[in-house]
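File shown: upload-v2.cif. Contents: mmCIF, C-alpha atoms.
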data_data
#
loop_
_atom_site.group_PDB
_atom_site.id
_atom_site.type_symbol
_atom_site.label_atom_id
_atom_site.label_comp_id
_atom_site.auth_asym_id
_atom_site.auth_seq_id
_atom_site.Cartn_x
_atom_site.Cartn_y
_atom_site.Cartn_z
ATOM 1 C CA MET U 1 142.801 136.512 -72.193
ATOM 2 C CA ASN U 2 140.823 135.185 -69.282
ATOM 3 C CA PRO U 3 142.947 134.680 -66.132
ATOM 4 C CA ARG U 4 141.375 131.246 -65.737
ATOM 5 C CA ALA U 5 143.106 130.214 -68.927
ATOM 6 C CA VAL U 6 146.497 130.274 -67.259
ATOM 7 C CA ARG U 7 145.535 128.011 -64.345
ATOM 8 C CA THR U 8 147.020 124.524 -64.225
ATOM 9 C CA GLY U 9 147.212 121.677 -61.761
ATOM 10 C CA ARG U 10 151.012 121.660 -61.799
ATOM 11 C CA ARG U 11 152.904 121.602 -58.512
ATOM 12 C CA PRO U 12 154.893 124.839 -58.026
ATOM 13 C CA ARG U 13 158.671 124.663 -58.147
ATOM 14 C CA TRP U 14 160.040 124.119 -54.674
ATOM 15 C CA TRP U 15 162.886 126.602 -55.037
ATOM 16 C CA THR U 16 160.447 129.305 -56.182
ATOM 17 C CA GLU U 17 158.288 128.649 -53.148
ATOM 18 C CA LEU U 18 161.293 128.633 -50.829
ATOM 19 C CA LEU U 19 162.495 131.968 -52.206
ATOM 20 C CA LEU U 20 159.038 133.499 -51.954
ATOM 21 C CA ILE U 21 158.559 132.395 -48.356
ATOM 22 C CA ALA U 22 162.045 133.624 -47.437
ATOM 23 C CA VAL U 23 161.397 137.039 -48.987
ATOM 24 C CA VAL U 24 158.031 137.463 -47.255
ATOM 25 C CA TYR U 25 159.386 136.345 -43.885
ATOM 26 C CA ALA U 26 162.435 138.603 -44.223
ATOM 27 C CA ALA U 27 160.151 141.542 -45.027
ATOM 28 C CA TYR U 28 157.974 140.670 -42.049
ATOM 29 C CA SER U 29 160.940 140.340 -39.657
ATOM 30 C CA GLY U 30 162.564 143.530 -40.918
ATOM 31 C CA GLY U 31 159.269 145.360 -40.686
ATOM 32 C CA ARG U 32 158.878 144.331 -37.039
ATOM 33 C CA LEU U 33 162.187 145.988 -36.238
ATOM 34 C CA LEU U 34 161.418 149.149 -38.187
ATOM 35 C CA VAL U 35 158.063 149.750 -36.490
ATOM 36 C CA ARG U 36 159.278 149.673 -32.902
ATOM 37 C CA GLY U 37 157.181 152.047 -30.844
ATOM 38 C CA ASP U 38 158.383 153.919 -27.796
ATOM 39 C CA THR U 39 158.309 152.048 -24.514
ATOM 40 C CA GLY U 40 155.869 154.399 -22.800
ATOM 41 C CA THR U 41 153.233 154.002 -25.511
ATOM 42 C CA ALA U 42 153.662 150.228 -25.574
ATOM 43 C CA VAL U 43 153.268 150.005 -21.797
ATOM 44 C CA ASP U 44 150.148 152.178 -21.905
ATOM 45 C CA HIS U 45 148.628 149.897 -24.540
ATOM 46 C CA GLY U 46 149.464 146.800 -22.510
ATOM 47 C CA LEU U 47 147.880 148.224 -19.360
ATOM 48 C CA ALA U 48 144.808 149.299 -21.304
ATOM 49 C CA ILE U 49 144.369 145.750 -22.616
ATOM 50 C CA LEU U 50 144.754 144.404 -19.098
ATOM 51 C CA ARG U 51 142.090 146.799 -17.783
ATOM 52 C CA ILE U 52 139.666 145.791 -20.532
ATOM 53 C CA GLU U 53 140.210 142.116 -19.781
ATOM 54 C CA LYS U 54 139.615 142.616 -16.071
ATOM 55 C CA LEU U 55 136.462 144.563 -16.821
ATOM 56 C CA LEU U 56 135.216 141.687 -19.001
ATOM 57 C CA HIS U 57 136.548 138.993 -16.622
ATOM 58 C CA LEU U 58 138.810 137.608 -19.343
ATOM 59 C CA ASN U 59 142.163 137.954 -17.578
ATOM 60 C CA ALA U 60 143.202 134.303 -17.388
ATOM 61 C CA GLU U 61 146.857 135.318 -17.708
ATOM 62 C CA HIS U 62 147.458 135.743 -13.961
ATOM 63 C CA PRO U 63 146.400 132.244 -12.775
ATOM 64 C CA LEU U 64 148.102 130.575 -15.729
ATOM 65 C CA ASN U 65 151.298 132.548 -15.177
ATOM 66 C CA ARG U 66 151.327 131.652 -11.481
ATOM 67 C CA LEU U 67 150.813 127.986 -12.342
ATOM 68 C CA PHE U 68 153.693 127.967 -14.841
ATOM 69 C CA THR U 69 155.947 129.945 -12.507
ATOM 70 C CA GLU U 70 155.358 127.703 -9.495
ATOM 71 C CA THR U 71 155.468 124.429 -11.464
ATOM 72 C CA PRO U 72 158.698 124.049 -13.443
ATOM 73 C CA ALA U 73 157.402 120.770 -14.908
ATOM 74 C CA LEU U 74 154.848 122.919 -16.757
ATOM 75 C CA GLY U 75 156.746 126.171 -17.134
ATOM 76 C CA ILE U 76 159.899 124.764 -18.732
ATOM 77 C CA PRO U 77 158.128 122.730 -21.466
ATOM 78 C CA ALA U 78 155.869 125.733 -22.109
ATOM 79 C CA ASP U 79 158.925 127.949 -22.610
ATOM 80 C CA PHE U 80 160.419 125.452 -25.036
ATOM 81 C CA ALA U 81 157.101 125.296 -26.875
ATOM 82 C CA TYR U 82 156.896 129.085 -27.137
ATOM 83 C CA ALA U 83 160.482 129.407 -28.316
ATOM 84 C CA SER U 84 160.420 126.650 -30.926
ATOM 85 C CA LEU U 85 157.073 125.292 -32.140
ATOM 86 C CA HIS U 86 156.195 128.567 -33.861
ATOM 87 C CA TYR U 87 159.185 128.065 -36.164
ATOM 88 C CA LEU U 88 158.951 124.286 -36.580
ATOM 89 C CA VAL U 89 155.303 123.300 -36.913
ATOM 90 C CA THR U 90 154.291 125.977 -39.426
ATOM 91 C CA PRO U 91 157.024 125.146 -41.988
ATOM 92 C CA ALA U 92 156.347 121.441 -41.431
ATOM 93 C CA VAL U 93 152.664 121.903 -42.282
ATOM 94 C CA LEU U 94 153.592 123.950 -45.361
ATOM 95 C CA ILE U 95 155.934 121.197 -46.577
ATOM 96 C CA TRP U 96 153.303 118.546 -45.865
ATOM 97 C CA LEU U 97 150.711 120.463 -47.898
ATOM 98 C CA PHE U 98 153.217 120.990 -50.719
ATOM 99 C CA HIS U 99 153.874 117.270 -51.055
ATOM 100 C CA ARG U 100 150.599 115.665 -49.999
ATOM 101 C CA ARG U 101 147.911 118.243 -50.881
ATOM 102 C CA PRO U 102 149.326 120.219 -53.838
ATOM 103 C CA GLY U 103 145.836 121.119 -55.014
ATOM 104 C CA HIS U 104 145.315 123.137 -51.825
ATOM 105 C CA TYR U 105 148.849 124.351 -51.218
ATOM 106 C CA ARG U 106 148.762 127.695 -53.049
ATOM 107 C CA ALA U 107 145.546 128.859 -51.422
ATOM 108 C CA ALA U 108 146.830 127.855 -47.976
ATOM 109 C CA ARG U 109 150.212 129.499 -48.497
ATOM 110 C CA THR U 110 148.651 132.724 -49.736
ATOM 111 C CA TRP U 111 146.302 132.828 -46.741
ATOM 112 C CA LEU U 112 149.231 132.435 -44.347
ATOM 113 C CA MET U 113 151.339 135.114 -46.039
ATOM 114 C CA VAL U 114 148.574 137.696 -46.329
ATOM 115 C CA SER U 115 147.696 137.204 -42.659
ATOM 116 C CA THR U 116 151.341 137.526 -41.632
ATOM 117 C CA LEU U 117 151.660 140.848 -43.416
ATOM 118 C CA LEU U 118 148.407 142.011 -41.810
ATOM 119 C CA GLY U 119 149.959 141.203 -38.440
ATOM 120 C CA LEU U 120 152.754 143.622 -39.268
ATOM 121 C CA VAL U 121 150.123 146.338 -39.703
ATOM 122 C CA GLY U 122 148.877 145.540 -36.199
ATOM 123 C CA PHE U 123 152.386 145.864 -34.724
ATOM 124 C CA THR U 124 152.720 149.234 -36.456
ATOM 125 C CA LEU U 125 149.423 150.663 -35.268
ATOM 126 C CA LEU U 126 149.427 149.207 -31.760
ATOM 127 C CA PRO U 127 152.858 148.573 -30.213
ATOM 128 C CA THR U 128 152.075 146.639 -27.046
ATOM 129 C CA CYS U 129 154.134 145.707 -24.023
ATOM 130 C CA PRO U 130 153.657 142.006 -23.212
ATOM 131 C CA PRO U 131 152.701 141.062 -19.648
ATOM 132 C CA ARG U 132 156.211 139.790 -18.846
ATOM 133 C CA LEU U 133 157.714 143.247 -19.408
ATOM 134 C CA LEU U 134 155.249 145.135 -17.216
ATOM 135 C CA ASP U 135 156.345 146.295 -13.794
ATOM 136 C CA ALA U 136 156.400 143.438 -11.276
ATOM 137 C CA SER U 137 153.642 145.187 -9.308
ATOM 138 C CA HIS U 138 151.186 144.005 -11.971
ATOM 139 C CA GLY U 139 151.735 140.419 -10.870
ATOM 140 C CA PHE U 140 153.444 138.794 -13.849
ATOM 141 C CA VAL U 141 156.633 136.727 -13.880
ATOM 142 C CA ASP U 142 158.702 136.279 -17.020
ATOM 143 C CA THR U 143 158.943 132.484 -17.051
ATOM 144 C CA MET U 144 161.380 132.511 -19.954
ATOM 145 C CA ALA U 145 163.773 134.645 -17.904
ATOM 146 C CA GLN U 146 163.155 132.501 -14.826
ATOM 147 C CA PHE U 147 163.936 129.263 -16.665
ATOM 148 C CA SER U 148 166.404 130.657 -19.216
ATOM 149 C CA SER U 149 169.195 128.420 -17.920
ATOM 150 C CA TYR U 150 167.291 125.440 -19.342
ATOM 151 C CA GLY U 151 167.092 126.795 -22.899
ATOM 152 C CA TRP U 152 168.864 128.850 -25.535
ATOM 153 C CA TRP U 153 166.819 131.999 -25.010
ATOM 154 C CA GLY U 154 167.739 134.959 -22.813
ATOM 155 C CA ALA U 155 165.718 137.788 -21.353
ATOM 156 C CA GLU U 156 164.439 138.619 -24.849
ATOM 157 C CA ALA U 157 161.797 135.870 -24.878
ATOM 158 C CA SER U 158 162.373 133.450 -27.754
ATOM 159 C CA ALA U 159 165.409 135.281 -29.133
ATOM 160 C CA PRO U 160 168.714 133.441 -28.610
ATOM 161 C CA ARG U 161 171.019 134.936 -26.012
ATOM 162 C CA GLY U 162 172.800 138.029 -27.268
ATOM 163 C CA MET U 163 170.340 138.622 -30.118
ATOM 164 C CA GLY U 164 167.759 140.678 -28.233
ATOM 165 C CA ALA U 165 168.575 143.768 -30.286
ATOM 166 C CA MET U 166 167.307 141.920 -33.360
ATOM 167 C CA THR U 167 163.790 141.501 -31.977
ATOM 168 C CA ASN U 168 160.861 143.809 -31.351
ATOM 169 C CA GLN U 169 159.654 142.878 -27.902
ATOM 170 C CA TYR U 170 156.635 145.172 -28.201
ATOM 171 C CA ALA U 171 155.151 143.332 -31.205
ATOM 172 C CA ALA U 172 152.595 141.538 -29.046
ATOM 173 C CA MET U 173 149.314 142.623 -30.636
ATOM 174 C CA PRO U 174 148.175 140.563 -32.505
ATOM 175 C CA SER U 175 149.712 137.256 -31.432
ATOM 176 C CA LEU U 176 150.935 135.514 -34.568
ATOM 177 C CA HIS U 177 152.014 132.598 -32.411
ATOM 178 C CA VAL U 178 148.284 132.023 -32.034
ATOM 179 C CA GLY U 179 147.477 133.079 -35.599
ATOM 180 C CA TRP U 180 149.943 130.678 -37.179
ATOM 181 C CA ALA U 181 148.873 127.893 -34.807
ATOM 182 C CA LEU U 182 145.254 128.450 -35.863
ATOM 183 C CA TRP U 183 146.276 128.218 -39.524
ATOM 184 C CA CYS U 184 148.112 124.957 -38.812
ATOM 185 C CA GLY U 185 145.078 123.640 -36.953
ATOM 186 C CA VAL U 186 142.732 124.402 -39.839
ATOM 187 C CA MET U 187 145.083 122.721 -42.313
ATOM 188 C CA LEU U 188 145.443 119.594 -40.169
ATOM 189 C CA TRP U 189 141.704 119.369 -39.510
ATOM 190 C CA ARG U 190 140.633 120.000 -43.097
ATOM 191 C CA TYR U 191 143.219 118.024 -45.034
ATOM 192 C CA GLY U 192 144.547 115.462 -42.537
ATOM 193 C CA ARG U 193 141.613 113.072 -42.973
ATOM 194 C CA THR U 194 142.526 110.927 -39.951
ATOM 195 C CA PRO U 195 141.380 111.187 -36.319
ATOM 196 C CA LEU U 196 144.956 111.866 -35.176
ATOM 197 C CA PHE U 197 145.443 114.783 -37.544
ATOM 198 C CA ARG U 198 142.097 116.250 -36.580
ATOM 199 C CA ALA U 199 142.860 115.902 -32.887
ATOM 200 C CA LEU U 200 146.177 117.692 -33.429
ATOM 201 C CA GLY U 201 144.351 120.337 -35.439
ATOM 202 C CA VAL U 202 142.208 121.156 -32.408
ATOM 203 C CA ALA U 203 144.844 120.673 -29.705
ATOM 204 C CA TYR U 204 147.691 122.693 -31.193
ATOM 205 C CA PRO U 205 145.933 126.110 -31.357
ATOM 206 C CA LEU U 206 144.390 125.625 -27.910
ATOM 207 C CA LEU U 207 147.733 124.626 -26.423
ATOM 208 C CA THR U 208 149.361 127.662 -28.025
ATOM 209 C CA VAL U 209 146.820 130.031 -26.464
ATOM 210 C CA ILE U 210 147.526 128.548 -23.028
ATOM 211 C CA VAL U 211 151.298 128.727 -23.556
ATOM 212 C CA VAL U 212 151.439 132.338 -24.724
ATOM 213 C CA MET U 213 149.392 133.461 -21.712
ATOM 214 C CA GLY U 214 151.038 131.216 -19.135
ATOM 215 C CA THR U 215 154.529 132.355 -20.134
ATOM 216 C CA ALA U 216 153.335 135.999 -19.909
ATOM 217 C CA ASN U 217 154.214 136.687 -23.526
ATOM 218 C CA HIS U 218 150.690 137.672 -24.584
ATOM 219 C CA TYR U 219 147.333 138.784 -23.246
ATOM 220 C CA PHE U 220 144.194 136.851 -24.054
ATOM 221 C CA LEU U 221 143.067 139.692 -26.332
ATOM 222 C CA ASP U 222 146.349 139.345 -28.262
ATOM 223 C CA ALA U 223 145.269 135.783 -28.998
ATOM 224 C CA VAL U 224 141.814 136.956 -30.070
ATOM 225 C CA ALA U 225 143.422 139.543 -32.350
ATOM 226 C CA GLY U 226 145.666 136.844 -33.828
ATOM 227 C CA ALA U 227 142.601 134.795 -34.740
ATOM 228 C CA ALA U 228 140.897 137.888 -36.181
ATOM 229 C CA VAL U 229 143.913 138.648 -38.376
ATOM 230 C CA MET U 230 143.782 135.108 -39.741
ATOM 231 C CA GLY U 231 140.084 135.550 -40.490
ATOM 232 C CA LEU U 232 140.728 138.773 -42.387
ATOM 233 C CA GLY U 233 143.635 137.154 -44.194
ATOM 234 C CA LEU U 234 141.343 134.338 -45.319
ATOM 235 C CA LEU U 235 138.885 136.859 -46.752
ATOM 236 C CA LEU U 236 141.648 138.665 -48.654
ATOM 237 C CA ALA U 237 143.550 135.616 -49.874
ATOM 238 C CA GLY U 238 141.138 134.899 -52.736
ATOM 239 C CA PRO U 239 141.235 138.445 -54.181
ATOM 240 C CA VAL U 240 145.032 138.524 -53.796
ATOM 241 C CA THR U 241 145.373 135.286 -55.763
ATOM 242 C CA ARG U 242 143.039 136.501 -58.507
ATOM 243 C CA CYS U 243 144.965 139.770 -58.717
ATOM 244 C CA ALA U 244 148.221 137.827 -59.040
ATOM 245 C CA ASP U 245 146.702 135.761 -61.858
ATOM 246 C CA ARG U 246 145.633 138.905 -63.697
ATOM 247 C CA LEU U 247 149.071 140.453 -63.299
ATOM 248 C CA ARG U 248 150.627 137.375 -64.810
ATOM 249 C CA VAL U 249 148.260 137.497 -67.769
ATOM 250 C CA VAL U 250 148.883 141.234 -68.296
ATOM 251 C CA SER U 251 152.643 140.683 -68.147
ATOM 252 C CA GLY U 252 152.399 138.222 -71.006
ATOM 253 C CA GLY U 253 153.069 135.134 -68.959
ATOM 254 C CA VAL U 254 156.254 136.426 -67.328
ATOM 255 C CA ARG U 255 156.506 135.172 -63.785
ATOM 256 C CA SER U 256 156.450 137.885 -61.168
ATOM 257 C CA PRO U 257 157.532 137.617 -57.487
ATOM 258 C CA VAL U 258 154.164 138.572 -56.077
ATOM 259 C CA VAL U 259 152.200 136.697 -53.439
ATOM 260 C CA SER U 260 151.279 133.925 -55.855
ATOM 261 C CA GLY U 261 154.984 133.396 -56.514
ATOM 262 C CA GLY U 262 154.277 133.215 -60.247
ATOM 263 C CA CYS U 263 152.286 130.058 -59.698
ATOM 264 C CA GLU U 264 148.790 129.758 -61.060
ATOM 265 C CA THR U 265 145.845 128.648 -58.995
ATOM 266 C CA SER U 266 145.446 124.969 -59.693
ATOM 267 C CA ALA U 267 142.255 123.508 -61.083
ATOM 268 C CA GLY U 268 139.832 122.606 -58.353
ATOM 269 C CA GLU U 269 141.688 124.664 -55.777
ATOM 270 C CA ARG U 270 139.600 126.542 -53.240
ATOM 271 C CA PHE U 271 140.060 128.327 -49.953
ATOM 272 C CA PRO U 272 138.809 126.773 -46.696
ATOM 273 C CA GLY U 273 135.081 127.367 -46.341
ATOM 274 C CA GLN U 274 134.535 128.050 -50.054
ATOM 275 C CA ARG U 275 131.800 125.980 -51.693
ATOM 276 C CA SER U 276 132.942 123.327 -54.095
ATOM 277 C CA SER U 277 131.244 122.955 -57.431
ATOM 278 C CA SER U 278 132.002 119.254 -57.411
ATOM 279 C CA ALA U 279 130.597 116.601 -55.153
ATOM 280 C CA SER U 280 133.968 114.848 -55.194
ATOM 281 C CA ALA U 281 136.281 115.390 -52.236
ATOM 282 C CA ASP U 282 139.356 114.304 -54.200
ATOM 283 C CA ASP U 283 142.211 116.818 -54.604
ATOM 284 C CA THR U 284 142.408 116.220 -58.352
ATOM 285 C CA PRO U 285 139.799 117.534 -60.780
ATOM 286 C CA ALA U 286 137.610 115.096 -62.652
ATOM 287 C CA PRO U 287 138.810 114.379 -66.222
ATOM 288 C CA ALA U 288 137.073 116.193 -69.043
ATOM 289 C CA ARG U 289 134.394 114.187 -70.770
#
What is this file in structure tokens?
Amino acid sequence: MNPRAVRTGRRPRWWTELLLIAVVYAAYSGGRLLVRGDTGTAVDHGLAILRIEKLLHLNAEHPLNRLFTETPALGIPADFAYASLHYLVTPAVLIWLFHRRPGHYRAARTWLMVSTLLGLVGFTLLPTCPPRLLDASHGFVDTMAQFSSYGWWGAEASAPRGMGAMTNQYAAMPSLHVGWALWCGVMLWRYGRTPLFRALGVAYPLLTVIVVMGTANHYFLDAVAGAAVMGLGLLLAGPVTRCADRLRVVSGGVRSPVVSGGCETSAGERFPGQRSSSASADDTPAPAR
């Protein structure tokens, strides 16, 4: 049987999607804890990144960090943004796609999940100390520690007070704050179809890059790596979906908890940047003649 034969335009079941996302995120969060590197290696990697940036004149972290540190009106909102938007905007965009753009939802969700798991590979191979945890002689101030009395976080960045042991503070390379924000931006720009959505699609990733550097949570090259991971995830998302379709066909139609969540690729669905065989921009395929 051809895998294309099992594809339908049906919206996936919401509880299946919720379970799939929860499983992938739990695996990602648990993996971050399991791959903690030693502090010395992480600090060495952080300093090496800083040296490379200075050599290439890319180290915008210092002036931004000074600005946020000396201006609470900027630093406090930036800390709130770092500690919350990552966990609010991304699910909101997923839910919006699920309800308003079901024809594109599966491809978008698969892209996000594949990229997230690729980020875990980066944390494993390159544990990196963020700027805020370097020795003070390197000129960085941890704004989230400085302004912690205004929020729910403690000295462990975005982790709630008392939960620092449940985070990996050396999982800085790549920056998935930036990676997820870029994904959200692409979704809003491509499928929003209004000037406001497109403006948000551009502004949100750029704002995130400024926030992660100004709060001394990431280097600029962490942000670049986050974007690169999303690019690689986009390239792999199509093959992963096709593989999931084949597995479903081989299993005789039994749903399997793989990346596709047992949901077939809908008719007319395509990944961002993929050429469309139809001149129509509508989400629904044209009826058969």
Discussion item. Need to verify the contact set: range 230-243 of chain U, 6 Å, all atoms listed in the file, exclusion of same-chain residues closer than 4 positions in sequence. Can you return it as a PyMOL selection string?
Written reply: chain U and resi 110-111+114-115+179
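All residues of protein, DNA or RNA that reach within 12 Å of range 69-75 of chain U, judged by all atoms listed in the file and not counting those fewer than 5 positions away in the chain, are Glu61, His62, Pro63, Leu64, Phe80, Ala81, Tyr82, Arg132, Gly139, Phe140, Val141, Asp142, Thr143, Met144, Ala145, Gln146, Phe147, Ser148, Tyr150, Gly151, Ile210, Val211, Val212, Met213, Gly214, Thr215 and Ala216 of chain U.
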Worksheet entry | Straight-line distance linking CA of Thr194 in chain U with CA of Leu18 in chain U, stated in Å to one decimal |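 Separating CA of Thr194 in chain U from CA of Leu18 in chain U is a distance of 28.0 Å.
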Discussion item. Show me, as a list in words, the residues that have an atom within 12 Å of Pro91 in chain U when counting all atoms listed in the file, minus same-chain residues fewer than 6 positions from it.
Written reply: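 Using all atoms listed in the file, the neighbours found are Glu17, Leu18, Ile21, Ala22, Tyr25, Ser84, Leu85, Leu97, Phe98, Arg109, Leu112, Trp180, Ala181, Trp183 and Cys184 of chain U.
Going from CA of Ile76 in chain U to CA of Ser149 in chain U covers 10.0 Å.
The two atoms in question, CA of Val186 in chain U and CA of Asn59 in chain U, are spaced 26.1 Å apart.
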Item to complete: Write out as a PyMOL selection string which residues come within 12 Å of Leu58 in chain U when counting all atoms listed in the file, dropping same-chain ones fewer than 3 positions away.
Response: chain U and resi 49-55+61-63+213+219-224
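With distances restricted to all atoms listed in the file, U:Ala78 is the closest residue to Val209 in chain U from U:Ala26, U:Ala78, U:Leu117, U:Ala244.
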